[in-house]
$ cat upload.pdb   # PDB, C-alpha atoms and all ligand atoms
ATOM      1  CA  MET A 802     -15.507  39.787   4.087
ATOM      2  CA  ILE A 803     -14.540  37.403   1.258
ATOM      3  CA  LYS A 804     -13.221  39.201  -1.823
ATOM      4  CA  ARG A 805     -10.929  36.749  -3.534
ATOM      5  CA  ILE A 806     -11.379  32.991  -3.846
ATOM      6  CA  GLY A 807      -9.120  30.250  -5.160
ATOM      7  CA  VAL A 808     -10.206  27.156  -7.087
ATOM      8  CA  LEU A 809      -8.245  23.955  -7.642
ATOM      9  CA  THR A 810      -8.738  20.434  -8.948
ATOM     10  CA  SER A 811      -6.904  17.620  -7.207
ATOM     11  CA  GLY A 812      -6.512  13.820  -7.298
ATOM     12  CA  GLY A 813      -7.715  11.759 -10.255
ATOM     13  CA  ASP A 814      -9.228  13.959 -12.944
ATOM     14  CA  ALA A 815     -12.901  13.437 -13.759
ATOM     15  CA  PRO A 816     -14.900  14.522 -16.821
ATOM     16  CA  GLY A 817     -16.876  17.624 -15.879
ATOM     17  CA  MET A 818     -14.150  19.212 -13.749
ATOM     18  CA  ASN A 819     -13.798  21.917 -16.395
ATOM     19  CA  ALA A 820     -17.507  22.636 -16.319
ATOM     20  CA  ALA A 821     -17.212  22.989 -12.536
ATOM     21  CA  ILE A 822     -14.232  25.378 -12.822
ATOM     22  CA  ARG A 823     -16.201  27.449 -15.328
ATOM     23  CA  SER A 824     -19.167  27.599 -13.002
ATOM     24  CA  VAL A 825     -17.079  28.631  -9.969
ATOM     25  CA  ALA A 826     -15.281  31.305 -12.010
ATOM     26  CA  ARG A 827     -18.319  32.804 -13.695
ATOM     27  CA  TYR A 828     -20.656  32.568 -10.719
ATOM     28  CA  GLY A 829     -17.927  34.072  -8.546
ATOM     29  CA  VAL A 830     -17.318  36.953 -10.972
ATOM     30  CA  HIS A 831     -21.081  37.485 -11.181
ATOM     31  CA  HIS A 832     -21.027  37.986  -7.405
ATOM     32  CA  LYS A 833     -18.126  40.449  -7.617
ATOM     33  CA  LEU A 834     -15.487  38.022  -6.380
ATOM     34  CA  GLU A 835     -12.005  37.769  -7.797
ATOM     35  CA  VAL A 836     -11.277  34.181  -8.775
ATOM     36  CA  ILE A 837      -7.781  32.685  -8.840
ATOM     37  CA  GLY A 838      -7.062  29.357 -10.552
ATOM     38  CA  ILE A 839      -4.518  27.173  -8.755
ATOM     39  CA  PHE A 840      -2.604  24.740 -10.953
ATOM     40  CA  ARG A 841      -1.942  21.043 -10.207
ATOM     41  CA  GLY A 842      -4.017  20.948  -7.050
ATOM     42  CA  TYR A 843      -2.258  21.301  -3.713
ATOM     43  CA  ALA A 844       1.108  21.196  -5.497
ATOM     44  CA  GLY A 845       0.195  24.513  -7.129
ATOM     45  CA  LEU A 846      -0.469  26.025  -3.723
ATOM     46  CA  ILE A 847       2.913  24.872  -2.463
ATOM     47  CA  ASN A 848       4.730  26.148  -5.576
ATOM     48  CA  GLU A 849       2.616  29.281  -5.993
ATOM     49  CA  ASP A 850       1.385  28.307  -9.429
ATOM     50  CA  LEU A 851      -1.609  30.634  -9.772
ATOM     51  CA  ARG A 852      -3.467  32.473 -12.501
ATOM     52  CA  PRO A 853      -6.470  34.804 -12.265
ATOM     53  CA  LEU A 854      -9.621  33.481 -13.919
ATOM     54  CA  ASP A 855     -12.092  35.865 -15.478
ATOM     55  CA  HIS A 856     -15.252  35.277 -17.482
ATOM     56  CA  ARG A 857     -13.357  34.766 -20.729
ATOM     57  CA  SER A 858     -10.562  32.561 -19.451
ATOM     58  CA  VAL A 859     -13.042  29.726 -18.924
ATOM     59  CA  SER A 860     -14.609  30.013 -22.401
ATOM     60  CA  GLY A 861     -14.855  26.885 -24.516
ATOM     61  CA  ILE A 862     -14.120  24.388 -21.745
ATOM     62  CA  ILE A 863     -17.591  23.187 -20.712
ATOM     63  CA  ASN A 864     -17.408  20.283 -23.158
ATOM     64  CA  ARG A 865     -13.823  19.248 -22.473
ATOM     65  CA  GLY A 866     -12.645  16.318 -20.355
ATOM     66  CA  GLY A 867      -9.677  16.595 -17.997
ATOM     67  CA  THR A 868      -9.038  19.867 -16.189
ATOM     68  CA  ILE A 869      -7.541  23.101 -17.518
ATOM     69  CA  LEU A 870      -6.092  23.665 -14.046
ATOM     70  CA  GLU A 871      -4.391  20.243 -14.212
ATOM     71  CA  THR A 872      -4.310  17.992 -11.193
ATOM     72  CA  ALA A 873      -1.940  15.954  -9.058
ATOM     73  CA  ARG A 874      -1.732  13.604  -6.118
ATOM     74  CA  CYS A 875       0.559  15.672  -3.879
ATOM     75  CA  ASP A 876       2.480  13.796  -1.169
ATOM     76  CA  GLU A 877       4.275  16.970  -0.043
ATOM     77  CA  PHE A 878       0.975  18.436   1.108
ATOM     78  CA  LEU A 879       0.472  15.544   3.549
ATOM     79  CA  ALA A 880       3.321  16.886   5.707
ATOM     80  CA  GLU A 881       3.091  19.982   7.927
ATOM     81  CA  GLU A 882       5.838  21.769   5.997
ATOM     82  CA  GLY A 883       3.960  21.392   2.699
ATOM     83  CA  GLN A 884       0.771  22.684   4.274
ATOM     84  CA  ARG A 885       2.637  25.649   5.759
ATOM     85  CA  LYS A 886       3.941  26.616   2.302
ATOM     86  CA  ALA A 887       0.435  26.282   0.858
ATOM     87  CA  VAL A 888      -1.008  28.533   3.554
ATOM     88  CA  GLU A 889       1.733  31.125   2.996
ATOM     89  CA  THR A 890       0.841  31.204  -0.705
ATOM     90  CA  LEU A 891      -2.812  31.773   0.147
ATOM     91  CA  LYS A 892      -1.976  34.587   2.595
ATOM     92  CA  ARG A 893       0.550  36.252   0.296
ATOM     93  CA  ASN A 894      -1.979  36.278  -2.536
ATOM     94  CA  LYS A 895      -4.830  37.412  -0.277
ATOM     95  CA  ILE A 896      -6.975  34.414  -1.161
ATOM     96  CA  ASP A 897      -9.741  34.435   1.441
ATOM     97  CA  ALA A 898     -11.377  31.094   0.659
ATOM     98  CA  LEU A 899     -10.824  28.002  -1.434
ATOM     99  CA  VAL A 900     -13.035  25.776  -3.594
ATOM    100  CA  VAL A 901     -11.531  22.300  -3.945
ATOM    101  CA  ILE A 902     -12.859  20.042  -6.691
ATOM    102  CA  GLY A 903     -12.059  16.341  -6.415
ATOM    103  CA  GLY A 904     -12.495  13.137  -4.458
ATOM    104  CA  ASP A 905     -11.784  11.963  -0.958
ATOM    105  CA  GLY A 906      -8.042  12.802  -0.900
ATOM    106  CA  THR A 907      -8.912  16.317  -2.031
ATOM    107  CA  TYR A 908     -11.485  16.660   0.727
ATOM    108  CA  ARG A 909      -9.010  15.394   3.334
ATOM    109  CA  GLY A 910      -6.618  18.155   2.237
ATOM    110  CA  ALA A 911      -9.384  20.723   2.655
ATOM    111  CA  ILE A 912     -10.149  19.398   6.155
ATOM    112  CA  GLN A 913      -6.505  20.025   7.083
ATOM    113  CA  LEU A 914      -6.537  23.555   5.661
ATOM    114  CA  TRP A 915      -9.774  24.441   7.406
ATOM    115  CA  GLU A 916      -9.297  22.824  10.804
ATOM    116  CA  ARG A 917      -5.558  23.159  11.271
ATOM    117  CA  TRP A 918      -4.835  26.409   9.440
ATOM    118  CA  HIS A 919      -8.248  28.123   9.498
ATOM    119  CA  ILE A 920      -8.398  28.581   5.736
ATOM    120  CA  PRO A 921     -12.082  28.667   4.695
ATOM    121  CA  CYS A 922     -12.649  25.749   2.298
ATOM    122  CA  VAL A 923     -15.588  24.148   0.505
ATOM    123  CA  GLY A 924     -15.616  20.949  -1.542
ATOM    124  CA  VAL A 925     -17.165  20.016  -4.896
ATOM    125  CA  PRO A 926     -17.425  16.234  -5.458
ATOM    126  CA  ALA A 927     -15.709  15.067  -8.652
ATOM    127  CA  THR A 928     -14.598  11.452  -8.890
ATOM    128  CA  ILE A 929     -15.470   8.665 -11.297
ATOM    129  CA  ASP A 930     -15.529   6.259  -8.311
ATOM    130  CA  ASN A 931     -18.558   8.082  -6.841
ATOM    131  CA  ASP A 932     -17.429   7.189  -3.346
ATOM    132  CA  LEU A 933     -18.212  10.441  -1.506
ATOM    133  CA  ASN A 934     -21.097  10.877   0.902
ATOM    134  CA  GLY A 935     -23.484  13.798   0.742
ATOM    135  CA  THR A 936     -24.216  13.474  -2.949
ATOM    136  CA  ASP A 937     -26.072  10.840  -4.914
ATOM    137  CA  ILE A 938     -23.548  11.201  -7.693
ATOM    138  CA  ALA A 939     -20.196  12.940  -8.131
ATOM    139  CA  ILE A 940     -19.097  14.832 -11.230
ATOM    140  CA  GLY A 941     -17.485  12.450 -13.750
ATOM    141  CA  ALA A 942     -19.174   9.225 -12.674
ATOM    142  CA  ASP A 943     -21.920   9.379 -15.314
ATOM    143  CA  THR A 944     -19.429   9.978 -18.127
ATOM    144  CA  ALA A 945     -17.201   7.150 -16.887
ATOM    145  CA  ILE A 946     -20.130   4.718 -16.832
ATOM    146  CA  ASN A 947     -21.091   5.683 -20.370
ATOM    147  CA  THR A 948     -17.506   5.367 -21.629
ATOM    148  CA  ALA A 949     -17.151   1.914 -20.091
ATOM    149  CA  LEU A 950     -20.577   0.923 -21.394
ATOM    150  CA  GLU A 951     -19.745   1.937 -24.954
ATOM    151  CA  ALA A 952     -16.579  -0.159 -24.804
ATOM    152  CA  THR A 953     -18.497  -3.103 -23.326
ATOM    153  CA  ASP A 954     -21.089  -2.950 -26.121
ATOM    154  CA  LYS A 955     -18.276  -3.192 -28.656
ATOM    155  CA  ILE A 956     -16.706  -6.100 -26.792
ATOM    156  CA  ARG A 957     -20.063  -7.873 -26.879
ATOM    157  CA  ASP A 958     -20.079  -7.698 -30.690
ATOM    158  CA  THR A 959     -16.850  -9.636 -30.946
ATOM    159  CA  ALA A 960     -17.697 -11.898 -27.985
ATOM    160  CA  THR A 961     -20.908 -13.035 -29.653
ATOM    161  CA  SER A 962     -19.336 -13.374 -33.080
ATOM    162  CA  MET A 963     -16.482 -15.541 -31.833
ATOM    163  CA  GLU A 964     -18.319 -17.329 -29.033
ATOM    164  CA  ARG A 965     -15.957 -16.183 -26.354
ATOM    165  CA  ILE A 966     -15.905 -15.323 -22.697
ATOM    166  CA  PHE A 967     -14.664 -11.791 -22.005
ATOM    167  CA  VAL A 968     -13.545 -10.535 -18.624
ATOM    168  CA  VAL A 969     -13.694  -6.735 -18.628
ATOM    169  CA  GLU A 970     -11.959  -4.808 -15.832
ATOM    170  CA  VAL A 971     -13.319  -1.373 -14.993
ATOM    171  CA  MET A 972     -12.016   1.259 -12.564
ATOM    172  CA  GLY A 973     -13.052   1.492  -8.934
ATOM    173  CA  ARG A 974     -10.353   1.031  -6.311
ATOM    174  CA  ASP A 975     -12.736   0.395  -3.420
ATOM    175  CA  SER A 976     -15.963   1.004  -5.229
ATOM    176  CA  GLY A 977     -18.139  -1.198  -7.428
ATOM    177  CA  PHE A 978     -20.123   1.802  -8.659
ATOM    178  CA  ILE A 979     -18.927   1.772 -12.269
ATOM    179  CA  ALA A 980     -18.917  -2.032 -12.471
ATOM    180  CA  ILE A 981     -22.455  -2.575 -11.221
ATOM    181  CA  HIS A 982     -23.936   0.148 -13.444
ATOM    182  CA  VAL A 983     -22.088  -1.012 -16.550
ATOM    183  CA  ALA A 984     -23.090  -4.613 -15.838
ATOM    184  CA  LEU A 985     -26.765  -3.731 -15.543
ATOM    185  CA  ALA A 986     -26.807  -1.343 -18.500
ATOM    186  CA  GLY A 987     -24.676  -3.605 -20.682
ATOM    187  CA  GLY A 988     -26.507  -6.855 -19.942
ATOM    188  CA  ALA A 989     -23.418  -8.516 -18.465
ATOM    189  CA  GLU A 990     -23.754 -12.113 -17.355
ATOM    190  CA  GLU A 991     -21.722 -11.645 -14.164
ATOM    191  CA  VAL A 992     -20.149  -8.818 -12.159
ATOM    192  CA  LEU A 993     -17.591  -8.812  -9.356
ATOM    193  CA  VAL A 994     -17.517  -5.812  -7.011
ATOM    194  CA  PRO A 995     -15.550  -5.145  -3.811
ATOM    195  CA  GLU A 996     -18.753  -4.681  -1.800
ATOM    196  CA  LEU A 997     -19.999  -8.247  -2.356
ATOM    197  CA  SER A 998     -18.331 -11.599  -1.828
ATOM    198  CA  TYR A 999     -18.175 -13.901  -4.829
ATOM    199  CA  ASP A1000     -17.516 -17.525  -5.580
ATOM    200  CA  LEU A1001     -15.471 -18.128  -8.724
ATOM    201  CA  GLU A1002     -16.157 -21.869  -8.627
ATOM    202  CA  GLU A1003     -19.879 -21.256  -8.649
ATOM    203  CA  MET A1004     -19.446 -18.801 -11.510
ATOM    204  CA  CYS A1005     -17.516 -21.402 -13.500
ATOM    205  CA  HIS A1006     -20.217 -23.954 -12.774
ATOM    206  CA  ASP A1007     -22.809 -21.499 -14.197
ATOM    207  CA  ILE A1008     -20.671 -20.983 -17.279
ATOM    208  CA  VAL A1009     -20.396 -24.745 -17.930
ATOM    209  CA  GLU A1010     -24.114 -25.165 -17.333
ATOM    210  CA  GLY A1011     -24.934 -22.248 -19.671
ATOM    211  CA  ASN A1012     -22.561 -23.620 -22.280
ATOM    212  CA  ARG A1013     -24.325 -26.988 -22.155
ATOM    213  CA  LYS A1014     -27.625 -25.235 -22.874
ATOM    214  CA  GLY A1015     -26.113 -23.416 -25.850
ATOM    215  CA  LYS A1016     -25.046 -20.106 -24.317
ATOM    216  CA  ILE A1017     -22.130 -19.084 -26.456
ATOM    217  CA  SER A1018     -20.665 -15.890 -25.041
ATOM    218  CA  TRP A1019     -20.209 -14.196 -21.687
ATOM    219  CA  ILE A1020     -19.343 -10.736 -20.504
ATOM    220  CA  ILE A1021     -18.005 -10.643 -16.959
ATOM    221  CA  ILE A1022     -17.420  -7.177 -15.512
ATOM    222  CA  VAL A1023     -14.814  -6.924 -12.751
ATOM    223  CA  ALA A1024     -14.200  -3.832 -10.630
ATOM    224  CA  GLU A1025     -10.449  -3.352 -10.179
ATOM    225  CA  GLY A1026     -10.952  -3.361  -6.403
ATOM    226  CA  ALA A1027     -12.634  -6.789  -6.488
ATOM    227  CA  ALA A1028     -10.141  -8.848  -8.493
ATOM    228  CA  LYS A1029      -7.645  -8.712 -11.320
ATOM    229  CA  ALA A1030      -9.366  -9.584 -14.594
ATOM    230  CA  GLU A1031      -6.345 -11.587 -15.718
ATOM    231  CA  LYS A1032      -6.594 -13.880 -12.680
ATOM    232  CA  VAL A1033     -10.349 -14.320 -13.096
ATOM    233  CA  ALA A1034      -9.891 -15.278 -16.751
ATOM    234  CA  GLU A1035      -7.120 -17.770 -15.909
ATOM    235  CA  LYS A1036      -9.346 -19.408 -13.332
ATOM    236  CA  ILE A1037     -12.258 -19.681 -15.779
ATOM    237  CA  THR A1038     -10.090 -21.342 -18.428
ATOM    238  CA  GLU A1039      -8.572 -23.669 -15.851
ATOM    239  CA  MET A1040     -11.953 -24.754 -14.487
ATOM    240  CA  THR A1041     -14.053 -24.825 -17.656
ATOM    241  CA  GLY A1042     -11.533 -25.460 -20.413
ATOM    242  CA  LEU A1043     -13.119 -22.577 -22.347
ATOM    243  CA  GLU A1044     -11.263 -19.808 -24.130
ATOM    244  CA  THR A1045     -11.249 -16.371 -22.449
ATOM    245  CA  ARG A1046     -10.114 -12.871 -23.359
ATOM    246  CA  VAL A1047      -9.285  -9.991 -21.011
ATOM    247  CA  VAL A1048      -9.859  -6.264 -21.528
ATOM    248  CA  VAL A1049      -8.672  -3.736 -18.944
ATOM    249  CA  LEU A1050     -10.429  -0.476 -19.784
ATOM    250  CA  GLY A1051      -8.185   1.602 -17.519
ATOM    251  CA  HIS A1052      -7.776   5.338 -17.905
ATOM    252  CA  ILE A1053     -10.007   5.764 -20.953
ATOM    253  CA  GLN A1054     -12.763   5.837 -18.310
ATOM    254  CA  ARG A1055     -11.359   9.083 -16.926
ATOM    255  CA  GLY A1056     -11.275  10.971 -20.232
ATOM    256  CA  GLY A1057     -13.681  12.229 -22.858
ATOM    257  CA  ASN A1058     -16.351  14.865 -23.184
ATOM    258  CA  PRO A1059     -18.581  14.986 -20.120
ATOM    259  CA  THR A1060     -22.181  13.871 -20.569
ATOM    260  CA  ALA A1061     -25.017  16.395 -20.291
ATOM    261  CA  ARG A1062     -25.734  15.030 -16.816
ATOM    262  CA  ASP A1063     -22.163  15.708 -15.646
ATOM    263  CA  ARG A1064     -22.068  19.202 -17.156
ATOM    264  CA  ILE A1065     -25.360  20.170 -15.533
ATOM    265  CA  LEU A1066     -24.254  18.707 -12.200
ATOM    266  CA  ALA A1067     -20.956  20.599 -12.429
ATOM    267  CA  ALA A1068     -22.698  23.888 -13.275
ATOM    268  CA  ARG A1069     -25.043  23.514 -10.300
ATOM    269  CA  LEU A1070     -22.421  22.377  -7.812
ATOM    270  CA  GLY A1071     -19.824  25.001  -8.786
ATOM    271  CA  ALA A1072     -22.369  27.749  -8.188
ATOM    272  CA  ALA A1073     -23.541  26.103  -4.953
ATOM    273  CA  ALA A1074     -19.942  26.054  -3.653
ATOM    274  CA  VAL A1075     -19.629  29.804  -4.245
ATOM    275  CA  ASP A1076     -22.970  30.317  -2.479
ATOM    276  CA  LEU A1077     -21.593  28.469   0.569
ATOM    277  CA  ILE A1078     -18.621  30.822   0.638
ATOM    278  CA  LEU A1079     -20.840  33.887   0.282
ATOM    279  CA  ASN A1080     -22.871  32.593   3.231
ATOM    280  CA  ASP A1081     -19.731  32.003   5.340
ATOM    281  CA  GLU A1082     -20.371  28.258   5.492
ATOM    282  CA  PHE A1083     -17.011  26.510   5.471
ATOM    283  CA  GLY A1084     -15.672  23.019   6.057
ATOM    284  CA  LYS A1085     -18.528  21.654   3.947
ATOM    285  CA  ALA A1086     -19.018  19.890   0.628
ATOM    286  CA  VAL A1087     -21.852  20.535  -1.771
ATOM    287  CA  GLY A1088     -23.861  17.729  -3.339
ATOM    288  CA  VAL A1089     -27.161  16.779  -4.910
ATOM    289  CA  GLN A1090     -29.520  14.467  -3.069
ATOM    290  CA  ASP A1091     -32.901  13.520  -4.535
ATOM    291  CA  GLY A1092     -32.477  16.338  -7.044
ATOM    292  CA  GLU A1093     -31.884  19.025  -4.416
ATOM    293  CA  ILE A1094     -28.616  20.858  -3.735
ATOM    294  CA  ASN A1095     -27.368  20.352  -0.196
ATOM    295  CA  ALA A1096     -24.177  20.600   1.841
ATOM    296  CA  VAL A1097     -22.609  18.224   4.342
ATOM    297  CA  ASP A1098     -19.624  18.439   6.667
ATOM    298  CA  LEU A1099     -16.394  17.421   4.902
ATOM    299  CA  HIS A1100     -15.803  14.758   7.571
ATOM    300  CA  LEU A1101     -19.125  13.136   6.751
ATOM    301  CA  ALA A1102     -18.390  13.359   3.035
ATOM    302  CA  VAL A1103     -15.238  11.231   3.363
ATOM    303  CA  GLU A1104     -16.776   8.544   5.567
ATOM    304  CA  GLU A1105     -17.127   5.202   3.834
ATOM    305  CA  LYS A1106     -19.990   5.411   1.372
ATOM    306  CA  GLU A1107     -22.514   2.640   1.114
ATOM    307  CA  THR A1108     -22.868   2.150  -2.617
ATOM    308  CA  VAL A1109     -26.153   0.480  -3.424
ATOM    309  CA  VAL A1110     -24.991  -2.642  -5.218
ATOM    310  CA  GLU A1111     -27.013  -5.508  -3.814
ATOM    311  CA  PRO A1112     -30.399  -4.785  -5.441
ATOM    312  CA  PHE A1113     -28.666  -4.102  -8.756
ATOM    313  CA  TYR A1114     -26.719  -7.340  -8.429
ATOM    314  CA  ARG A1115     -29.873  -9.360  -7.800
ATOM    315  CA  LEU A1116     -31.517  -7.793 -10.849
ATOM    316  CA  ILE A1117     -28.495  -8.528 -13.028
ATOM    317  CA  ARG A1118     -28.621 -12.192 -11.991
ATOM    318  CA  ILE A1119     -32.357 -12.421 -12.756
ATOM    319  CA  LEU A1120     -32.119 -10.680 -16.115
ATOM    320  CA  THR A1121     -29.032 -12.471 -17.371
TER     321      THR A1121
HETATM  322  O1  LIG A1201      -9.835   8.747  -9.716
HETATM  323  C1  LIG A1201     -10.226   7.509  -9.273
HETATM  324  C2  LIG A1201      -9.402   6.442  -9.967
HETATM  325  O2  LIG A1201      -9.607   6.498 -11.362
HETATM  326  C3  LIG A1201      -9.679   5.040  -9.453
HETATM  327  O3  LIG A1201     -10.815   4.443 -10.028
HETATM  328  C4  LIG A1201      -8.396   4.353  -9.797
HETATM  329  O4  LIG A1201      -8.174   3.259  -8.950
HETATM  330  C5  LIG A1201      -7.365   5.422  -9.570
HETATM  331  O5  LIG A1201      -8.030   6.654  -9.714
HETATM  332  C6  LIG A1201      -6.185   5.372 -10.491
HETATM  333  O6  LIG A1201      -5.312   6.389 -10.120
HETATM  334  P1  LIG A1201      -4.032   6.846 -10.964
HETATM  335  O7  LIG A1201      -4.524   7.539 -12.197
HETATM  336  O8  LIG A1201      -3.293   7.754 -10.060
HETATM  337  O9  LIG A1201      -3.313   5.587 -11.310
END

$ encode --input "upload.pdb" --output "structure tokens" --more "lines below"
Ligand code: F6P
Amino acid sequence: MIKRIGVLTSGGDAPGMNAAIRSVARYGVHHKLEVIGIFRGYAGLINEDLRPLDHRSVSGIINRGGTILETARCDEFLAEEGQRKAVETLKRNKIDALVVIGGDGTYRGAIQLWERWHIPCVGVPATIDNDLNGTDIAIGADTAINTALEATDKIRDTATSMERIFVVEVMGRDSGFIAIHVALAGGAEEVLVPELSYDLEEMCHDIVEGNRKGKISWIIIVAEGAAKAEKVAEKITEMTGLETRVVVLGHIQRGGNPTARDRILAARLGAAAVDLILNDEFGKAVGVQDGEINAVDLHLAVEEKETVVEPFYRLIRILT
């Protein structure tokens, strides 16, 4: 019988993690569970950095970016010794099950705990890269798109005013999710994503052609996993003779107040994770598909996700 659960956030923070922590804590308390917050992800399990969470300790966080539990990428947990220490902490503190909130590294940690050490775990998807299976969208991705879009809109103002070509690099190590959405929503002229091959020479040809017809400014969105914006800009200048500017949006995409969509998603998924635990369903991750809450095996969740980029790319090219 599960009486006490732990909750942690791990890997890259994502806006909406706090709303998910709040949901796990309050939904858990509502169901008569004790809820323990674990600080700095798996590192907090290894170092026994824990604090009980009650209804009030998660007040006033639903609107805040980042994570009150803090987060880390913990190399020590990859080794058996680190995992052993983590398990000892869980046993010593009588934590019967764990909710892990994060991306694919976080889920891989939970797979280890569940399959190797028999610690009941469930996952809540939270990553701006939106590269987990079993959910149409992960917590944080919507906010990240909107943050990058707002910045891109501002860049367009100066690009148009000064007749310049801007190359804007957005996050996404192996995923073009942010790039393709920002490009479509921001009316970008071109987008480079890791999922699709691209031809810089052809792009430069289009720029010269457009320039000849009087097109005065360009916004080119580049996912960090596809190319380095600096290199793309150098190539454009070299091949077209036109002036370029580079903006790397970087970690601003990870911060900020979560959007309504992310908060609602986090509230639903946090509660759904507790429901899984109450139903003794472990080794799974919650998600939302076609509007409905569901759960998939953690192994399936971390398999390579097929982000739908091609139809969006075609539309961007037609509308540009
Ligand atoms: O959390 C995902 C992500 O933001 C990726 O888009 C990016 O490549 C990576 O994390 C950056 O990680 P870090 O903050 O550890 O440099």

$ resolve_selection --input "upload.pdb" --expression "the PyMOL selection byres (((chain A and resi 979) around 10) and not hetatm)" --output "PyMOL selection string"
chain A and resi 929-931+942-943+945-947+949-950+971-973+976-978+980-984+994+1022-1024+1054

$ resolve_selection --input "upload.pdb" --expression "the PyMOL selection byres (((chain A and resi 877) around 12) and not hetatm)" --output "list in words"
Gly842, Tyr843, Ala844, Gly845, Leu846, Ile847, Asn848, Ala873, Arg874, Cys875, Asp876, Phe878, Leu879, Ala880, Glu881, Glu882, Gly883, Gln884, Arg885, Lys886, Ala887 and Gly910 of chain A

$ closest_residue --input "upload.pdb" --among "A:Gly838, A:Gly1071, A:Gly903, A:Gly829" --to "A:Lys804" --atoms "all atoms listed in the file"
A:Gly829

$ closest_residue --input "upload.pdb" --among "A:Ala960, A:Leu1050, A:Ala1067, A:Leu1043" --to "ligand LIG 1201 (chain A)" --atoms "only C-alpha atoms and all ligand atoms"
A:Leu1050

$ closest_residue --input "upload.pdb" --among "A:Thr953, A:Ser1018, A:Asn819, A:Ser858" --to "A:Gly1056" --atoms "only C-alpha atoms"
A:Asn819

$ atom_distance --input "upload.pdb" --atom1 "atom CA of A:Ala986" --atom2 "atom CA of A:Glu1039"
28.9 Å

$ residues_near_point --input "upload.pdb" --point "(-16.9, -8.7, -8.3)" --cutoff "10 Å" --atoms "all atoms listed in the file" --output "number ranges by chain"
A: 970, 977, 980-981, 991-1001, 1021-1030, 1033, 1114

$ closest_residue --input "upload.pdb" --among "A:Asp1081, A:Asn1095, A:Ile1037, A:Pro816" --to "A:Thr944" --atoms "only C-alpha atoms"
A:Pro816

$ axis_aligned_box --input "upload.pdb" --around "stretch 839-849 of chain A" --padding-each-side "6 Å" --output "AutoDock Vina command-line options"
--center_x 0.1 --center_y 25.1 --center_z -6.7 --size_x 21.2 --size_y 20.3 --size_z 20.5

$ residues_near_point --input "upload.pdb" --point "(-25.3, 23.7, -17.5)" --cutoff "12 Å" --atoms "only C-alpha atoms" --output "compact mmCIF listing (two decimals) with C-alpha atoms, keeping the file's coordinate frame"
# COMPACT_ATOMS: atom_id res chain seq x y z
CA GLY A 817 -16.88 17.62 -15.88
CA ASN A 819 -13.80 21.92 -16.40
CA ALA A 820 -17.51 22.64 -16.32
CA ALA A 821 -17.21 22.99 -12.54
CA ARG A 823 -16.20 27.45 -15.33
CA SER A 824 -19.17 27.60 -13.00
CA ILE A 862 -14.12 24.39 -21.74
CA ILE A 863 -17.59 23.19 -20.71
CA ASN A 864 -17.41 20.28 -23.16
CA PRO A 1059 -18.58 14.99 -20.12
CA THR A 1060 -22.18 13.87 -20.57
CA ALA A 1061 -25.02 16.40 -20.29
CA ARG A 1062 -25.73 15.03 -16.82
CA ASP A 1063 -22.16 15.71 -15.65
CA ARG A 1064 -22.07 19.20 -17.16
CA ILE A 1065 -25.36 20.17 -15.53
CA LEU A 1066 -24.25 18.71 -12.20
CA ALA A 1067 -20.96 20.60 -12.43
CA ALA A 1068 -22.70 23.89 -13.28
CA ARG A 1069 -25.04 23.51 -10.30
CA LEU A 1070 -22.42 22.38 -7.81
CA GLY A 1071 -19.82 25.00 -8.79
CA ALA A 1072 -22.37 27.75 -8.19

$ atom_distance --input "upload.pdb" --atom1 "atom CA of A:Asn1012" --atom2 "atom CA of A:Ser962"
15.2 Å

$ atom_distance --input "upload.pdb" --atom1 "atom CA of A:Met1040" --atom2 "atom CA of A:Thr1121"
21.2 Å

$ residues_around --input "upload.pdb" --residues "A:Val888" --least-positions-apart "5" --cutoff "8 Å" --atoms "only C-alpha atoms" --output "CSV table (one decimal) with C-alpha atoms, keeping the file's coordinate frame"
chain,number,residue,atom,x,y,z
A,846,LEU,CA,-0.5,26.0,-3.7
A,914,LEU,CA,-6.5,23.6,5.7
A,918,TRP,CA,-4.8,26.4,9.4
A,920,ILE,CA,-8.4,28.6,5.7

$ closest_residue --input "upload.pdb" --among "A:Leu870, A:Ala1073, A:Val1110, A:Leu851" --to "A:Asp814" --atoms "all atoms listed in the file"
A:Leu870

$ closest_residue --input "upload.pdb" --among "A:Arg1115, A:Lys1085, A:His1052, A:Arg852" --to "ligand LIG 1201 (chain A)" --atoms "only C-alpha atoms and all ligand atoms"
A:His1052

$ resolve_selection --input "upload.pdb" --expression "the PyMOL selection byres (((chain A and resi 921) around 7) and not hetatm)" --output "ChimeraX atom specification"
/A:898-899,915,919-920,922,1083-1084

$ residues_around --input "upload.pdb" --residues "A:Val1009" --least-positions-apart "5" --cutoff "9 Å" --atoms "only C-alpha atoms" --output "list of chain:residue names"
A:Met1004, A:Lys1014, A:Thr1041, A:Leu1043

$ decode --input "upload.pdb" --residues "stretch 908-912 of chain A" --atoms "N, CA and C atoms" --output "mmCIF file, in the first residue's frame"
data_model
loop_
_atom_site.group_PDB
_atom_site.id
_atom_site.type_symbol
_atom_site.label_atom_id
_atom_site.label_comp_id
_atom_site.auth_asym_id
_atom_site.auth_seq_id
_atom_site.Cartn_x
_atom_site.Cartn_y
_atom_site.Cartn_z
ATOM 1 N N TYR A 908 13.488 10.262 -17.678
ATOM 2 C CA TYR A 908 12.758 8.999 -17.849
ATOM 3 C C TYR A 908 13.723 7.809 -17.811
ATOM 4 N N ARG A 909 14.907 7.983 -18.405
ATOM 5 C CA ARG A 909 15.872 6.873 -18.402
ATOM 6 C C ARG A 909 16.304 6.549 -16.961
ATOM 7 N N GLY A 910 16.420 7.578 -16.136
ATOM 8 C CA GLY A 910 16.722 7.363 -14.716
ATOM 9 C C GLY A 910 15.616 6.573 -14.044
ATOM 10 N N ALA A 911 14.375 6.919 -14.363
ATOM 11 C CA ALA A 911 13.226 6.230 -13.755
ATOM 12 C C ALA A 911 13.174 4.768 -14.206
ATOM 13 N N ILE A 912 13.547 4.519 -15.459
ATOM 14 C CA ILE A 912 13.578 3.127 -15.954
ATOM 15 C C ILE A 912 14.567 2.315 -15.114
#
